[in-house]
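Structure file my_file33.txt (compact mmCIF, C-alpha atoms and all ligand atoms) is printed below.
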# COMPACT_ATOMS: atom_id res chain seq x y z
CA MET D 1 -31.41 67.83 -84.31
CA SER D 2 -32.65 68.74 -80.85
CA ALA D 3 -32.43 72.42 -80.22
CA ALA D 4 -31.50 71.86 -76.58
CA ALA D 5 -27.81 71.31 -77.09
CA ALA D 6 -27.27 73.08 -80.37
CA TRP D 7 -27.30 76.61 -81.66
CA GLY D 8 -27.30 78.40 -84.97
CA THR D 9 -29.80 76.18 -86.78
CA PRO D 10 -33.29 77.06 -88.09
CA ALA D 11 -34.63 75.05 -85.12
CA THR D 12 -32.68 77.01 -82.51
CA ASP D 13 -33.66 80.30 -84.13
CA LEU D 14 -37.30 79.29 -83.74
CA ARG D 15 -36.68 78.19 -80.15
CA ASP D 16 -35.11 81.56 -79.35
CA LEU D 17 -38.01 83.43 -80.89
CA LEU D 18 -40.51 81.45 -78.82
CA ALA D 19 -38.42 81.81 -75.67
CA GLN D 20 -38.25 85.55 -76.13
CA SER D 21 -41.98 85.98 -76.55
CA THR D 22 -42.66 83.71 -73.56
CA TYR D 23 -40.26 85.79 -71.48
CA GLN D 24 -42.25 88.87 -72.48
CA GLY D 25 -45.44 87.19 -71.22
CA LYS D 26 -46.92 86.71 -74.67
CA THR D 27 -48.81 83.75 -76.08
CA LEU D 28 -48.99 83.06 -79.80
CA PHE D 29 -52.36 81.92 -81.09
CA GLY D 30 -52.57 79.04 -83.55
CA HIS D 31 -55.17 77.23 -85.67
CA HIS D 32 -55.03 73.88 -87.47
CA ASP D 33 -55.28 73.94 -91.29
CA ASP D 34 -56.15 77.62 -91.09
CA THR D 35 -55.56 78.60 -94.73
CA ALA D 36 -56.28 75.19 -96.27
CA TYR D 37 -60.04 75.37 -95.73
CA GLY D 38 -62.65 76.78 -93.38
CA HIS D 39 -66.20 76.33 -92.18
CA THR D 40 -67.85 76.63 -95.62
CA TRP D 41 -64.97 76.78 -98.08
CA HIS D 42 -62.15 74.63 -99.35
CA GLU D 43 -58.87 75.58 -101.00
CA GLU D 44 -59.40 79.25 -101.75
CA GLU D 45 -56.13 81.09 -102.02
CA GLY D 46 -55.50 83.49 -99.14
CA ARG D 47 -58.72 82.70 -97.25
CA SER D 48 -58.83 82.01 -93.52
CA ASP D 49 -61.80 82.02 -91.14
CA ILE D 50 -59.58 83.79 -88.59
CA LEU D 51 -58.54 86.47 -91.08
CA GLU D 52 -62.18 87.09 -91.92
CA VAL D 53 -63.06 87.60 -88.26
CA VAL D 54 -60.11 89.60 -86.91
CA GLY D 55 -58.31 90.94 -89.98
CA GLU D 56 -55.12 88.92 -89.61
CA TYR D 57 -53.88 85.35 -89.71
CA PRO D 58 -53.01 83.38 -86.59
CA ALA D 59 -49.37 83.48 -85.45
CA VAL D 60 -49.14 79.70 -85.54
CA MET D 61 -50.37 77.49 -88.35
CA SER D 62 -50.80 73.82 -87.53
CA TRP D 63 -50.67 71.05 -90.19
CA ASP D 64 -50.89 67.28 -90.23
CA LEU D 65 -48.58 64.91 -92.07
CA GLY D 66 -50.82 61.82 -91.96
CA MET D 67 -50.54 59.92 -95.31
CA LEU D 68 -47.17 61.45 -96.14
CA GLU D 69 -45.70 58.15 -94.91
CA LYS D 70 -47.57 56.46 -97.80
CA GLY D 71 -46.17 58.78 -100.41
CA SER D 72 -49.67 60.22 -100.88
CA GLU D 73 -50.10 63.65 -102.47
CA LYS D 74 -52.71 64.68 -99.92
CA ASN D 75 -52.98 64.22 -96.18
CA LEU D 76 -55.79 62.40 -94.40
CA ASP D 77 -58.00 65.51 -94.41
CA GLY D 78 -57.43 66.23 -98.10
CA VAL D 79 -54.72 68.89 -97.77
CA GLY D 80 -52.11 68.55 -100.51
CA PHE D 81 -48.51 68.39 -99.31
CA GLU D 82 -47.37 70.71 -102.09
CA ARG D 83 -49.98 73.22 -100.96
CA MET D 84 -48.89 72.75 -97.34
CA ARG D 85 -45.30 73.45 -98.28
CA GLN D 86 -46.38 76.71 -99.94
CA GLU D 87 -48.55 77.66 -96.95
CA VAL D 88 -45.61 77.05 -94.59
CA ARG D 89 -43.51 79.37 -96.71
CA ASN D 90 -46.28 82.00 -96.76
CA GLN D 91 -46.66 81.82 -93.00
CA HIS D 92 -42.91 82.05 -92.50
CA SER D 93 -42.70 85.13 -94.73
CA ARG D 94 -45.42 86.78 -92.62
CA GLY D 95 -43.22 86.19 -89.56
CA GLY D 96 -45.43 83.36 -88.29
CA ILE D 97 -44.72 79.83 -87.09
CA ASN D 98 -45.71 76.35 -88.30
CA THR D 99 -46.29 73.20 -86.28
CA PHE D 100 -46.99 69.62 -87.44
CA SER D 101 -48.81 66.64 -86.03
CA TRP D 102 -48.82 63.16 -87.60
CA HIS D 103 -52.01 61.08 -87.74
CA LEU D 104 -50.19 58.39 -89.66
CA ARG D 105 -51.21 55.02 -91.01
CA ASN D 106 -49.17 52.19 -89.53
CA PRO D 107 -46.23 51.86 -91.94
CA LEU D 108 -46.24 48.09 -91.48
CA THR D 109 -49.96 47.22 -91.50
CA ASP D 110 -51.49 50.28 -93.17
CA ALA D 111 -54.07 50.56 -90.38
CA ASP D 112 -55.10 54.11 -89.54
CA SER D 113 -54.12 55.92 -86.33
CA TRP D 114 -57.31 54.90 -84.52
CA ALA D 115 -57.05 51.16 -85.26
CA ILE D 116 -56.15 49.78 -81.87
CA ASP D 117 -53.57 47.01 -82.04
CA THR D 118 -51.55 45.81 -79.08
CA LEU D 119 -48.72 44.62 -81.32
CA ALA D 120 -48.45 47.67 -83.55
CA VAL D 121 -45.66 49.56 -81.80
CA SER D 122 -43.78 46.47 -80.72
CA ASN D 123 -43.71 45.12 -84.28
CA LEU D 124 -42.68 48.46 -85.68
CA VAL D 125 -39.65 48.94 -83.46
CA ASN D 126 -38.55 45.35 -82.82
CA THR D 127 -38.99 43.32 -86.01
CA PRO D 128 -36.82 43.66 -89.14
CA GLU D 129 -39.91 44.23 -91.36
CA GLY D 130 -41.28 46.81 -88.92
CA ILE D 131 -38.02 48.70 -88.67
CA GLU D 132 -37.66 48.77 -92.44
CA ALA D 133 -41.22 50.04 -92.88
CA TYR D 134 -40.74 52.65 -90.15
CA LYS D 135 -37.50 53.90 -91.66
CA GLY D 136 -39.20 54.21 -95.05
CA ALA D 137 -41.88 56.39 -93.45
CA LEU D 138 -39.23 58.43 -91.63
CA ASP D 139 -37.38 59.05 -94.88
CA ARG D 140 -40.51 60.57 -96.38
CA LEU D 141 -40.90 62.81 -93.31
CA CYS D 142 -37.25 63.87 -93.55
CA ASP D 143 -37.62 64.67 -97.28
CA PHE D 144 -40.60 66.84 -96.45
CA PHE D 145 -38.99 68.74 -93.57
CA LEU D 146 -35.80 69.27 -95.56
CA SER D 147 -37.90 70.70 -98.40
CA LEU D 148 -39.40 73.46 -96.24
CA THR D 149 -37.45 76.45 -97.45
CA ASP D 150 -37.96 80.17 -97.91
CA GLU D 151 -37.60 82.07 -101.21
CA ASN D 152 -33.81 82.08 -100.76
CA GLY D 153 -33.58 78.35 -100.21
CA ASN D 154 -32.96 78.63 -96.46
CA ARG D 155 -34.67 76.01 -94.35
CA ILE D 156 -37.63 77.10 -92.26
CA GLY D 157 -37.65 76.10 -88.58
CA VAL D 158 -40.86 74.29 -87.57
CA ILE D 159 -42.30 72.38 -84.62
CA PHE D 160 -43.04 68.64 -84.89
CA ARG D 161 -45.10 66.78 -82.27
CA PRO D 162 -45.35 63.16 -83.33
CA TRP D 163 -46.79 60.32 -81.23
CA HIS D 164 -49.14 62.76 -79.53
CA GLU D 165 -51.85 62.06 -76.92
CA HIS D 166 -50.09 58.83 -76.06
CA THR D 167 -51.41 58.88 -72.49
CA GLY D 168 -54.86 58.30 -73.99
CA HIS D 169 -56.36 55.14 -75.45
CA TRP D 170 -57.52 56.20 -78.94
CA PHE D 171 -54.35 55.79 -81.03
CA TRP D 172 -52.42 52.56 -81.53
CA TRP D 173 -49.36 54.18 -79.87
CA GLY D 174 -51.50 54.91 -76.77
CA LYS D 175 -50.28 53.90 -73.35
CA PRO D 176 -52.52 50.82 -72.98
CA TYR D 177 -51.13 49.27 -76.17
CA CYS D 178 -47.36 49.45 -75.87
CA SER D 179 -44.57 49.22 -73.33
CA VAL D 180 -42.73 52.30 -72.07
CA GLU D 181 -39.59 51.05 -73.74
CA ASP D 182 -41.24 50.50 -77.14
CA TYR D 183 -42.91 53.90 -77.06
CA LYS D 184 -39.58 55.55 -76.32
CA SER D 185 -38.00 53.57 -79.17
CA LEU D 186 -40.47 55.16 -81.60
CA TRP D 187 -39.02 58.52 -80.63
CA ARG D 188 -35.39 57.50 -80.43
CA MET D 189 -35.44 55.86 -83.86
CA MET D 190 -37.15 58.88 -85.33
CA TYR D 191 -34.77 61.33 -83.73
CA ASP D 192 -31.68 59.37 -84.78
CA HIS D 193 -33.00 59.02 -88.31
CA PHE D 194 -33.68 62.77 -88.57
CA ASN D 195 -30.15 63.49 -87.36
CA GLU D 196 -28.64 61.03 -89.84
CA ARG D 197 -30.54 62.77 -92.60
CA GLY D 198 -29.33 66.21 -91.46
CA VAL D 199 -32.73 67.61 -90.51
CA ASP D 200 -31.80 70.75 -88.56
CA ASN D 201 -35.07 72.66 -88.73
CA VAL D 202 -37.29 70.70 -86.33
CA LEU D 203 -38.13 71.58 -82.72
CA TRP D 204 -39.60 68.56 -80.96
CA ALA D 205 -42.77 68.82 -78.89
CA TYR D 206 -44.00 66.17 -76.47
CA SER D 207 -47.79 66.35 -76.14
CA PRO D 208 -49.56 63.96 -73.82
CA ASP D 209 -53.23 64.51 -73.11
CA ARG D 210 -54.65 64.71 -69.58
CA CYS D 211 -52.19 63.73 -66.81
CA ASN D 212 -52.66 64.00 -63.09
CA THR D 213 -49.09 63.90 -61.87
CA VAL D 214 -45.57 64.60 -63.01
CA ALA D 215 -44.99 60.84 -62.91
CA ASP D 216 -47.89 60.28 -65.36
CA TYR D 217 -46.62 63.03 -67.58
CA MET D 218 -43.03 61.80 -67.60
CA GLU D 219 -43.61 58.06 -67.70
CA ARG D 220 -42.95 57.85 -71.46
CA TYR D 221 -40.84 60.98 -71.89
CA PRO D 222 -38.29 60.30 -74.64
CA GLY D 223 -35.46 62.35 -73.07
CA ASP D 224 -34.07 65.84 -72.58
CA ASP D 225 -31.74 65.44 -75.53
CA ILE D 226 -34.77 65.10 -77.84
CA ILE D 227 -37.57 67.25 -76.47
CA ASP D 228 -37.67 71.04 -76.76
CA ILE D 229 -41.29 71.77 -75.84
CA PHE D 230 -43.41 70.35 -73.04
CA GLY D 231 -46.92 70.32 -74.47
CA ALA D 232 -50.41 69.18 -73.58
CA ASP D 233 -53.53 68.33 -75.57
CA VAL D 234 -56.74 68.85 -73.61
CA TYR D 235 -60.21 69.51 -75.05
CA HIS D 236 -63.32 71.04 -73.55
CA PHE D 237 -66.18 68.53 -73.74
CA ASP D 238 -69.81 68.66 -72.51
CA LYS D 239 -70.51 72.37 -73.02
CA GLU D 240 -71.15 74.39 -69.82
CA SER D 241 -71.24 71.33 -67.62
CA GLY D 242 -67.70 70.47 -68.73
CA THR D 243 -66.20 73.88 -67.98
CA GLY D 244 -64.91 73.12 -64.50
CA ARG D 245 -63.40 69.85 -65.61
CA TYR D 246 -61.74 71.46 -68.62
CA ARG D 247 -60.21 74.21 -66.46
CA ASP D 248 -58.96 71.77 -63.86
CA THR D 249 -57.58 69.15 -66.21
CA SER D 250 -55.91 71.59 -68.58
CA LEU D 251 -54.36 73.70 -65.82
CA ARG D 252 -53.15 70.62 -63.99
CA VAL D 253 -51.20 69.32 -66.99
CA LEU D 254 -50.08 72.75 -68.21
CA LYS D 255 -48.64 73.59 -64.80
CA ILE D 256 -46.74 70.31 -64.85
CA ALA D 257 -45.43 71.24 -68.31
CA ARG D 258 -44.48 74.73 -67.11
CA ALA D 259 -42.60 73.47 -64.06
CA LEU D 260 -40.64 70.99 -66.19
CA ALA D 261 -39.89 73.64 -68.80
CA GLN D 262 -38.60 76.02 -66.14
CA GLN D 263 -36.46 73.39 -64.45
CA ARG D 264 -34.94 72.19 -67.71
CA GLY D 265 -34.64 75.42 -69.67
CA LYS D 266 -37.25 74.44 -72.25
CA LEU D 267 -40.55 75.77 -73.57
CA HIS D 268 -44.12 74.81 -72.74
CA ALA D 269 -47.23 75.11 -74.88
CA PHE D 270 -50.91 74.26 -75.09
CA THR D 271 -50.35 72.14 -78.20
CA GLU D 272 -53.98 71.24 -78.96
CA THR D 273 -57.27 72.35 -77.51
CA GLY D 274 -60.73 73.65 -78.31
CA LEU D 275 -64.47 73.47 -77.78
CA GLU D 276 -66.20 71.97 -80.80
CA SER D 277 -68.90 74.21 -82.37
CA LEU D 278 -68.33 76.90 -79.67
CA PRO D 279 -71.69 76.51 -77.89
CA ILE D 280 -70.31 78.83 -75.19
CA GLU D 281 -70.25 82.28 -76.77
CA ASN D 282 -67.52 83.80 -74.59
CA TRP D 283 -65.35 80.68 -74.49
CA TYR D 284 -62.26 82.47 -75.77
CA THR D 285 -62.22 85.37 -73.30
CA ASN D 286 -63.86 83.71 -70.35
CA ILE D 287 -62.46 80.19 -70.40
CA LEU D 288 -59.39 79.88 -72.62
CA LEU D 289 -57.82 83.27 -71.83
CA PRO D 290 -57.60 82.73 -68.04
CA ILE D 291 -56.06 79.29 -68.65
CA ILE D 292 -53.47 80.82 -70.99
CA ARG D 293 -52.63 83.51 -68.44
CA GLU D 294 -52.44 81.17 -65.50
CA SER D 295 -50.18 78.73 -67.32
CA GLY D 296 -48.05 81.21 -69.31
CA VAL D 297 -47.83 78.97 -72.38
CA SER D 298 -45.70 80.11 -75.30
CA TYR D 299 -48.42 79.22 -77.78
CA VAL D 300 -51.88 77.70 -77.94
CA THR D 301 -53.31 75.87 -80.93
CA VAL D 302 -56.98 75.13 -81.52
CA TRP D 303 -58.20 72.43 -83.89
CA ARG D 304 -59.65 72.73 -87.37
CA ASN D 305 -62.74 74.28 -88.98
CA ALA D 306 -63.79 71.45 -91.30
CA TRP D 307 -65.43 72.47 -94.58
CA ASN D 308 -67.34 69.19 -94.90
CA ASN D 309 -68.78 68.89 -91.40
CA PRO D 310 -70.82 71.88 -90.17
CA HIS D 311 -70.33 70.98 -86.47
CA HIS D 312 -66.60 70.40 -86.57
CA PHE D 313 -65.09 73.83 -85.97
CA TYR D 314 -63.14 75.43 -83.12
CA THR D 315 -62.91 79.11 -84.02
CA PRO D 316 -65.79 81.37 -85.00
CA TYR D 317 -66.17 82.14 -88.71
CA HIS D 318 -67.63 85.38 -90.05
CA GLY D 319 -71.27 85.49 -88.94
CA HIS D 320 -70.94 83.05 -86.01
CA LYS D 321 -72.30 84.29 -82.68
CA ALA D 322 -68.93 84.01 -80.94
CA GLU D 323 -67.35 86.43 -83.41
CA ASN D 324 -67.32 89.45 -81.08
CA ASP D 325 -65.87 87.50 -78.23
CA PHE D 326 -63.10 86.25 -80.49
CA LYS D 327 -62.38 89.84 -81.57
CA GLU D 328 -62.02 90.78 -77.93
CA PHE D 329 -59.68 87.83 -77.38
CA HIS D 330 -57.67 89.00 -80.38
CA ASN D 331 -57.42 92.52 -78.92
CA GLN D 332 -55.66 91.38 -75.74
CA PRO D 333 -52.11 92.72 -75.68
CA ASP D 334 -50.63 89.41 -74.58
CA ILE D 335 -52.37 87.32 -77.29
CA ILE D 336 -50.36 87.40 -80.48
CA PHE D 337 -51.61 86.89 -84.02
CA VAL D 338 -49.29 87.10 -86.98
CA LYS D 339 -48.91 90.87 -87.23
C1 LIG Y 401 -59.58 64.71 -85.63
C2 LIG Y 401 -60.75 65.16 -86.47
C3 LIG Y 401 -60.76 64.32 -87.74
C4 LIG Y 401 -59.40 64.44 -88.44
C5 LIG Y 401 -58.27 64.12 -87.48
C6 LIG Y 401 -56.91 64.32 -88.10
O1 LIG Y 401 -59.54 65.44 -84.44
O2 LIG Y 401 -60.61 66.52 -86.82
O3 LIG Y 401 -61.80 64.74 -88.58
O4 LIG Y 401 -59.35 63.59 -89.56
O5 LIG Y 401 -58.37 64.92 -86.34
O6 LIG Y 401 -56.70 65.63 -88.50
Rendering of file as structure tokens:
Amino acid sequence: MSAAAAWGTPATDLRDLLAQSTYQGKTLFGHHDDTAYGHTWHEEEGRSDILEVVGEYPAVMSWDLGMLEKGSEKNLDGVGFERMRQEVRNQHSRGGINTFSWHLRNPLTDADSWAIDTLAVSNLVNTPEGIEAYKGALDRLCDFFLSLTDENGNRIGVIFRPWHEHTGHWFWWGKPYCSVEDYKSLWRMMYDHFNERGVDNVLWAYSPDRCNTVADYMERYPGDDIIDIFGADVYHFDKESGTGRYRDTSLRVLKIARALAQQRGKLHAFTETGLESLPIENWYTNILLPIIRESGVSYVTVWRNAWNNPHHFYTPYHGHKAENDFKEFHNQPDIIFVK
């Protein structure tokens, strides 16, 4: 259920917690797959590259549900869903937050998220076979969200940001490949299905990538009754030469998100970002921190530290040259880790 109109659910409790910390000028820091694996390790209980650098876990843990729609035991990056469920519970018991993305395979064609197909969305939301396949996938998502409970069996409130980066061209639900109406149907069908199944622990985040104007940002907005969090996914590319562009593009979209959140009584967040391999040693304090402060986001999430690709990481690990800068970032009073 959308948190916007309701109260007294795990989702609204999470919304209130985020709203309170935003009001206090704080930003929660998050990392994708933080405890599942890190730069040189995989599935070691309790480990986290962040913990090893700053002595505590991030406040937000990000996970991906891709492959859950297939009934697979592991997601597309090899993280087991049973393990994920346990990690969500661990993070919740630390007082932290969990957020989910969904790099799904097309429930009708089985093509992966990056397989461009101009009929994919239309077939999924408009044909009987597509609708049946989509609802099957949604049932698996609902089962998973409903199964996220604490030790006492109470459901844990989490953030879900499906159909992300849809203003880009790299996923089959991207703007060039489907109509506004069909994209919105993806959301509406999902939201209705979750409500029918009684899922009351999901806060919904909308996370386009770069957008220049409010009109760009809102073109495919599913509706105020669904969305709780105005997000944005923007990455830093091209090392030093990309710094100015990263600042400008991220601040442009985050300020749009902030204005909308303020007008509509919702939250805003930097839902996905990062600089791969951290070639800029003071990236966290010198580049990300000013963006966070200028945009006042409730949380920021950086992408994963892959164990099987030495260049694919977004936070320093113990021994990396950006370690001290990250410690300084961690020491800022307005940047919140899990403690
Ligand atoms: C991308 C990369 C891929 C990964 C995908 C889904 O940004 O990290 O390696 O499979 O996200 O998590």
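The list of residues with at least one atom within 9 Å of D:Gly296, based on all atoms listed in the file and without residues fewer than 4 positions apart in the same chain, reads Thr22, Gly25, Lys26, Thr27, Leu254, Lys255, Arg258, His268, Ala269, Ile291 and Ile292 of chain D.
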Worksheet item: What residues have any atom no more than 12 Å from ligand LIG 401 (chain Y) when counting all atoms listed in the file, and can you list them as number ranges by chain?
Response: D: 32-33, 62-67, 75-79, 100-105, 112-114, 164-165, 170-171, 233-235, 272-276, 302-314
Worksheet entry | atom CA of D:Tyr221 to atom CA of D:Asn123, straight-line distance in Å | 20.3 Å
Fill in: Nearest residue to D:Ala232 from the set D:Arg83, D:His42, D:Arg161, D:Arg245 (distances using only C-alpha atoms)
D:Arg161
Fill in: All residues 8 Å or closer to D:Arg252, all atoms listed in the file, same chain fewer than 4 positions away omitted, as a ChimeraX atom specification
/D:211-212,248,256
